[in-house]
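Heads up, the thing below is written out as structure tokens.
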Amino acid sequence: MSEQRANVLLVDDRQENLLALEAILEPLGHRLVSVTSGTAALKELLLEDFACILLDVQMPELDGFELAELIKARERSQHIPIIFVTALSKEEQHVYRGYSAGAVDYIFKPIDATILRSKVSVFVELWEKTQQLQEQAEQLHAQELAALERASEERYRQLADAMPQIVWTSDVLGAATYFNRRWFEYTGMSPADAGPNAWQHVVHPDDLPLAVSRREQTLVSGAAFEVEYRFRSKEGEYRWHLGRAVPIRNDAGQISFWVGTATDIHDRKLIEDQRTFIVTASDALSRSLDYRETLTQVAKLAANGELADWCTVHVVEADGSLSEVAVAHADPAKVTLARELQERYPLDPDAPTGVAAVIRAAEPELVPEITAEVIESIAHDDLHRDLIGQLGLSSSMCVPLKGRERVLGAITFSLSGPGRHYGADELIFAEELARRAASAIENARLYREAEARAQAARVLAAIGDGVALIDLGGRVRLWNAAAERITGLEAVDVLGRSVRDAVPGWEAVEPRLPVATVGEAGRAESVPFEIGGRELWLSMSAVGYEDGTVYAFRDLTEERALESMRQDFVATVSHELRTPLAAIYGAALTLRREDVELAAELEAKLLEVITEESNRLAEIVSDLLLASQLDTGKLYANVEVCDPRSIAQLELDAAQTHLPENVALALEAPPKLPAVVADPGQLRQVLSNLIENAVKYSPDGGTVRVALAPENGHVRFSVSDSGLGIPASEQRRIFEKFFRLDPDMTRGIGGTGLGLYICRELVRRVDGRIWVESDGRSGSTFHVEIPQEAVTTPAGAGRRHRAAA
Ligand code: ADP
């Protein structure tokens, strides 16, 4: 409690009065404040607290009563006792005014020093009592407050101690002032060691710089602090914590202290890291199709010192051997060491534990703690033991890379350093990673296969032979472009359908082409088909594969047509040649006979046979020559303007010379006809062929008419007979080379089958056309149209054409 001197205010306009008052009150030892005006008094009252006021009643400006009223009106000063000092009368009204103005006493001049002192003393004492009471009350309040604070602090402390997190407080400068129980339990520190910067001793050296700089920033800014760092436990293991500190501010908003917490987020962080890792690894895995490169990438990601210090990936090669395709270390210093270990002690494929065993069993292997015994059990010799020891491995796990059908390899993860162990959680993570890696390897392989297949498909599509792939269920799985072209059946209509339904005539294929064993092609066979009313000959071969049969085929129709044509040619031409030759030979033999005297008539007849048949031979040979010239494009046409009528007449006259008796010839032509543009010799040959045929194929005789008529820019020559006729179905084919309606000559009418072919080719070369009309019974009419002069070329202009091939 402070011993405060009481203030006494003395107010009098006269200095000498003030001095007198001071002299009287001096011995009391109070602090006397003397002022000479009411205004000055009010000013003092604003500044100080007074125990009592001595007030002169009569003062200029503001008199004592007025001043007293003002003092009483102010809350802070209203309870200050006022003693009026007056020389005026002691009349009632005066006294009354004084009391109503708030005076508590009067003292009259001349002043009795003893009375004044005792009165002032009473008031000062009263003030002092009040003062004391007030102080006591304040003290009491402070004590209660302190007790309360102590209690709450204790409660907070208990709360803090009960919390599973680490809790600490620090002063405004960041120096620790308190650590909770969890702190001591976790770090193993004693309270004596836990100095103001104790936290910096347990934070992982790698995380410390960031944590310290953050802390410094927040101490300056006053913002909440948050950082993730690793705290070392008393076992020496580092676990991830989330550190947080928030400032606690006083009423004035200034920071009083900081409360900090550190929450163990190790497991969560590991899961997060693993998840992030899996995502990154999956990304890497899906990015490249070179799985070796990808696995190297994954190993590098894994050996980050967190998930693993050392990561190796082995794969099973096609020959069943194991090869290491990727290896990565977190600590570059240990890379050479690990390499040396691997080189000196290669994988033993029969080892009961480790990579080979994991791949064999397709089961993961977890070694939570690599103890001295574990090393002893795997080490081959002292050097081996020493190398393993130098790597400082503490835990390892190996997981198989399981493909759909077999184990593709294994990934091994190892940790080094005390207190670092793999557990069930990490194993789950490793298996997840292995699953993804395995599927990446398989995808890469599948992709390569698909690529190869796509390439094969492209080749198949482009190949000239038809290729059909029929699965074991008899459905068409592939039908390439050549197959479409050859058969006229489109892939869309065939694919996925049963081949027997989709390809007419397929049932004939299977018995002819027994499929040999897988991969072995059978002999090619010619198989006939009739697709869309068209006869097809296909040369087919079949080869089996795991899922069905591949058929390759080639169109033989054309070849067969040529082949049959060749056969026809040999048959007809050789016959045609042999007949005149036999006649000539016979006649010649007879003429040569010396034993028989031949009549002159007979001799002449025989010579005639020889001449005629020689002619016939010459004709056949010239037809063959002409056809071959037409085929090879070596026939020239001397195109000129010529008169159709005279050409027709010439041919009729020529035919007349060797006409059978039962056949008559007739020309029907208008007197005036437009000239035509043609090679006259070739045009004559065409007409001669047609007339000859008309006569030849009218075995029962009749009239052969040659009619000429202008026709739409052309002149039409029509040769009609009433002979055998030509069925509609063959009317196109008779113009083909070697084609004959009756190749076996049942009617006894011979020929090479070249005449109409030659006609067609010659007509075509002068831009004309040729066709036949016949009901197939009562004769035929052959029409030839040759362009008129005006249409193609100016009159008289001769042109020399090279026949087009
Ligand atoms: P060919 O030497 O056999 O007469 P062509 O090319 O001149 O050869 O005629 C082809 C075939 O057309 C003949 O074999 C014959 O069957 C038929 N043909 C041609 N002209 C007539 C015709 N006027 N009447 C009936 N059939 C004919």
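Starting from 1 in every chain, residues are counted up; chains themselves are A, B, ... following the order of the structure tokens, and ligands are numbered from 1 as listed.
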Let me see if you get this right: every residue at most 7 Å from ligand 1, counting only C-alpha atoms and all ligand atoms, written as number ranges by chain. A: 689-690, 693-694, 697-698, 721, 723-726, 734-735, 738-742, 750-757, 779-780
Hey, can you spit out that residue selection with N, CA, C and O atoms as an mmCIF file, in the first residue's frame?
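part_28.cif, freshly written:
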data_model
loop_
_atom_site.group_PDB
_atom_site.id
_atom_site.type_symbol
_atom_site.label_atom_id
_atom_site.label_comp_id
_atom_site.auth_asym_id
_atom_site.auth_seq_id
_atom_site.Cartn_x
_atom_site.Cartn_y
_atom_site.Cartn_z
ATOM 1 N N ASN A 689 -16.881 -62.096 -144.169
ATOM 2 C CA ASN A 689 -17.064 -63.003 -143.033
ATOM 3 C C ASN A 689 -18.531 -63.223 -142.726
ATOM 4 O O ASN A 689 -18.966 -64.354 -142.512
ATOM 5 N N LEU A 690 -19.281 -62.125 -142.688
ATOM 6 C CA LEU A 690 -20.691 -62.226 -142.303
ATOM 7 C C LEU A 690 -21.474 -63.023 -143.344
ATOM 8 O O LEU A 690 -22.316 -63.856 -142.995
ATOM 9 N N ASN A 693 -20.538 -66.687 -143.092
ATOM 10 C CA ASN A 693 -21.213 -67.313 -141.947
ATOM 11 C C ASN A 693 -22.682 -67.569 -142.252
ATOM 12 O O ASN A 693 -23.219 -68.631 -141.944
ATOM 13 N N ALA A 694 -23.325 -66.528 -142.843
ATOM 14 C CA ALA A 694 -24.768 -66.657 -143.133
ATOM 15 C C ALA A 694 -25.012 -67.871 -144.023
ATOM 16 O O ALA A 694 -25.956 -68.638 -143.798
ATOM 17 N N TYR A 697 -23.992 -71.192 -141.920
ATOM 18 C CA TYR A 697 -24.914 -71.607 -140.857
ATOM 19 C C TYR A 697 -26.370 -71.675 -141.349
ATOM 20 O O TYR A 697 -27.296 -71.586 -140.547
ATOM 21 N N SER A 698 -26.522 -71.793 -142.672
ATOM 22 C CA SER A 698 -27.852 -72.071 -143.227
ATOM 23 C C SER A 698 -27.771 -73.411 -143.940
ATOM 24 O O SER A 698 -27.848 -73.479 -145.180
ATOM 25 N N ASP A 721 -29.907 -64.147 -142.480
ATOM 26 C CA ASP A 721 -30.109 -65.463 -143.062
ATOM 27 C C ASP A 721 -31.278 -66.116 -142.385
ATOM 28 O O ASP A 721 -31.816 -65.581 -141.406
ATOM 29 N N GLY A 723 -31.044 -69.299 -141.234
ATOM 30 C CA GLY A 723 -30.366 -70.519 -140.811
ATOM 31 C C GLY A 723 -30.617 -70.924 -139.372
ATOM 32 O O GLY A 723 -31.723 -70.771 -138.835
ATOM 33 N N LEU A 724 -29.504 -71.360 -138.704
ATOM 34 C CA LEU A 724 -29.631 -71.968 -137.364
ATOM 35 C C LEU A 724 -30.041 -70.996 -136.261
ATOM 36 O O LEU A 724 -30.647 -71.370 -135.281
ATOM 37 N N GLY A 725 -29.693 -69.776 -136.451
ATOM 38 C CA GLY A 725 -29.996 -68.790 -135.386
ATOM 39 C C GLY A 725 -29.021 -68.903 -134.219
ATOM 40 O O GLY A 725 -28.253 -69.862 -134.111
ATOM 41 N N ILE A 726 -29.072 -67.906 -133.369
ATOM 42 C CA ILE A 726 -28.136 -67.870 -132.227
ATOM 43 C C ILE A 726 -28.930 -67.556 -130.953
ATOM 44 O O ILE A 726 -29.615 -66.532 -130.904
ATOM 45 N N ILE A 734 -20.348 -64.909 -129.078
ATOM 46 C CA ILE A 734 -19.874 -65.355 -130.405
ATOM 47 C C ILE A 734 -18.802 -64.435 -130.966
ATOM 48 O O ILE A 734 -18.051 -64.809 -131.852
ATOM 49 N N PHE A 735 -18.714 -63.220 -130.370
ATOM 50 C CA PHE A 735 -17.693 -62.285 -130.864
ATOM 51 C C PHE A 735 -16.353 -62.488 -130.157
ATOM 52 O O PHE A 735 -15.386 -61.812 -130.452
ATOM 53 N N PHE A 738 -12.142 -67.479 -130.621
ATOM 54 C CA PHE A 738 -12.254 -68.947 -130.595
ATOM 55 C C PHE A 738 -13.611 -69.454 -130.122
ATOM 56 O O PHE A 738 -13.800 -70.649 -129.965
ATOM 57 N N PHE A 739 -14.536 -68.546 -129.855
ATOM 58 C CA PHE A 739 -15.820 -69.035 -129.350
ATOM 59 C C PHE A 739 -16.659 -69.569 -130.501
ATOM 60 O O PHE A 739 -16.865 -68.909 -131.513
ATOM 61 N N ARG A 740 -17.163 -70.780 -130.290
ATOM 62 C CA ARG A 740 -18.059 -71.376 -131.287
ATOM 63 C C ARG A 740 -19.255 -71.948 -130.549
ATOM 64 O O ARG A 740 -19.126 -72.492 -129.467
ATOM 65 N N LEU A 741 -20.430 -71.835 -131.187
ATOM 66 C CA LEU A 741 -21.637 -72.357 -130.525
ATOM 67 C C LEU A 741 -21.585 -73.881 -130.450
ATOM 68 O O LEU A 741 -22.063 -74.478 -129.492
ATOM 69 N N ASP A 742 -20.972 -74.450 -131.423
ATOM 70 C CA ASP A 742 -20.991 -75.908 -131.516
ATOM 71 C C ASP A 742 -19.560 -76.397 -131.709
ATOM 72 O O ASP A 742 -19.164 -76.762 -132.813
ATOM 73 N N GLY A 750 -17.551 -76.604 -139.688
ATOM 74 C CA GLY A 750 -16.263 -76.288 -139.062
ATOM 75 C C GLY A 750 -16.000 -74.803 -138.996
ATOM 76 O O GLY A 750 -16.738 -73.994 -139.543
ATOM 77 N N GLY A 751 -14.951 -74.479 -138.302
ATOM 78 C CA GLY A 751 -14.565 -73.066 -138.177
ATOM 79 C C GLY A 751 -13.562 -72.888 -137.061
ATOM 80 O O GLY A 751 -13.418 -73.766 -136.211
ATOM 81 N N THR A 752 -12.891 -71.735 -137.064
ATOM 82 C CA THR A 752 -11.873 -71.493 -136.034
ATOM 83 C C THR A 752 -12.408 -70.659 -134.862
ATOM 84 O O THR A 752 -11.759 -70.500 -133.849
ATOM 85 N N GLY A 753 -13.568 -70.074 -135.069
ATOM 86 C CA GLY A 753 -14.097 -69.190 -134.010
ATOM 87 C C GLY A 753 -13.392 -67.849 -134.014
ATOM 88 O O GLY A 753 -13.472 -67.091 -133.049
ATOM 89 N N LEU A 754 -12.716 -67.529 -135.126
ATOM 90 C CA LEU A 754 -11.983 -66.258 -135.168
ATOM 91 C C LEU A 754 -12.711 -65.205 -135.991
ATOM 92 O O LEU A 754 -12.505 -64.010 -135.795
ATOM 93 N N GLY A 755 -13.588 -65.654 -136.918
ATOM 94 C CA GLY A 755 -14.213 -64.726 -137.867
ATOM 95 C C GLY A 755 -14.898 -63.544 -137.208
ATOM 96 O O GLY A 755 -14.595 -62.385 -137.514
ATOM 97 N N LEU A 756 -15.822 -63.806 -136.301
ATOM 98 C CA LEU A 756 -16.576 -62.696 -135.691
ATOM 99 C C LEU A 756 -15.689 -61.841 -134.772
ATOM 100 O O LEU A 756 -15.897 -60.643 -134.658
ATOM 101 N N TYR A 757 -14.698 -62.481 -134.150
ATOM 102 C CA TYR A 757 -13.750 -61.723 -133.328
ATOM 103 C C TYR A 757 -13.025 -60.707 -134.196
ATOM 104 O O TYR A 757 -12.937 -59.521 -133.852
ATOM 105 N N GLY A 779 -33.052 -68.203 -138.065
ATOM 106 C CA GLY A 779 -32.060 -67.326 -138.678
ATOM 107 C C GLY A 779 -31.538 -66.200 -137.798
ATOM 108 O O GLY A 779 -31.990 -66.022 -136.665
ATOM 109 N N SER A 780 -30.558 -65.468 -138.361
ATOM 110 C CA SER A 780 -29.942 -64.369 -137.601
ATOM 111 C C SER A 780 -29.728 -63.197 -138.533
ATOM 112 O O SER A 780 -29.643 -63.360 -139.755
#
Residue neighbourhood A:Ala587, 12 Å, only C-alpha atoms, exclusion window fewer than 5 positions, as a ChimeraX atom specification: /A:580-582,592-593,598,602-614
Smallest atom-to-atom distance to A:Glu405: which of A:Ser152, A:Gly392, A:Leu32, A:Ala362, using only C-alpha atoms?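 Of the candidates, the smallest distance to A:Glu405 is held by A:Ala362.
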Which polymer residues have any atom within 12 Å of an atom of A:Lys269, counting only C-alpha atoms, with same-chain residues fewer than 5 positions away left out, as a list in words?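 Final neighbour list, sorted by chain and number: Glu228, Tyr229, Arg230, Arg239, Trp240, His241, Leu242, Thr263, Asp264, Gln274, Arg275, Thr276, Phe277, Glu306 and Leu307 of chain A.
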A:Glu235 environment, 10 Å, only C-alpha atoms, sequence neighbours closer than 4 positions dropped, as an MDAnalysis selection string: chainID A and resid 186:188 418:419
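Minimum distance to A:Gly260 across A:Leu10, A:Ile166, A:Ile584, A:Leu652 (counting only C-alpha atoms) occurs at A:Ile166.
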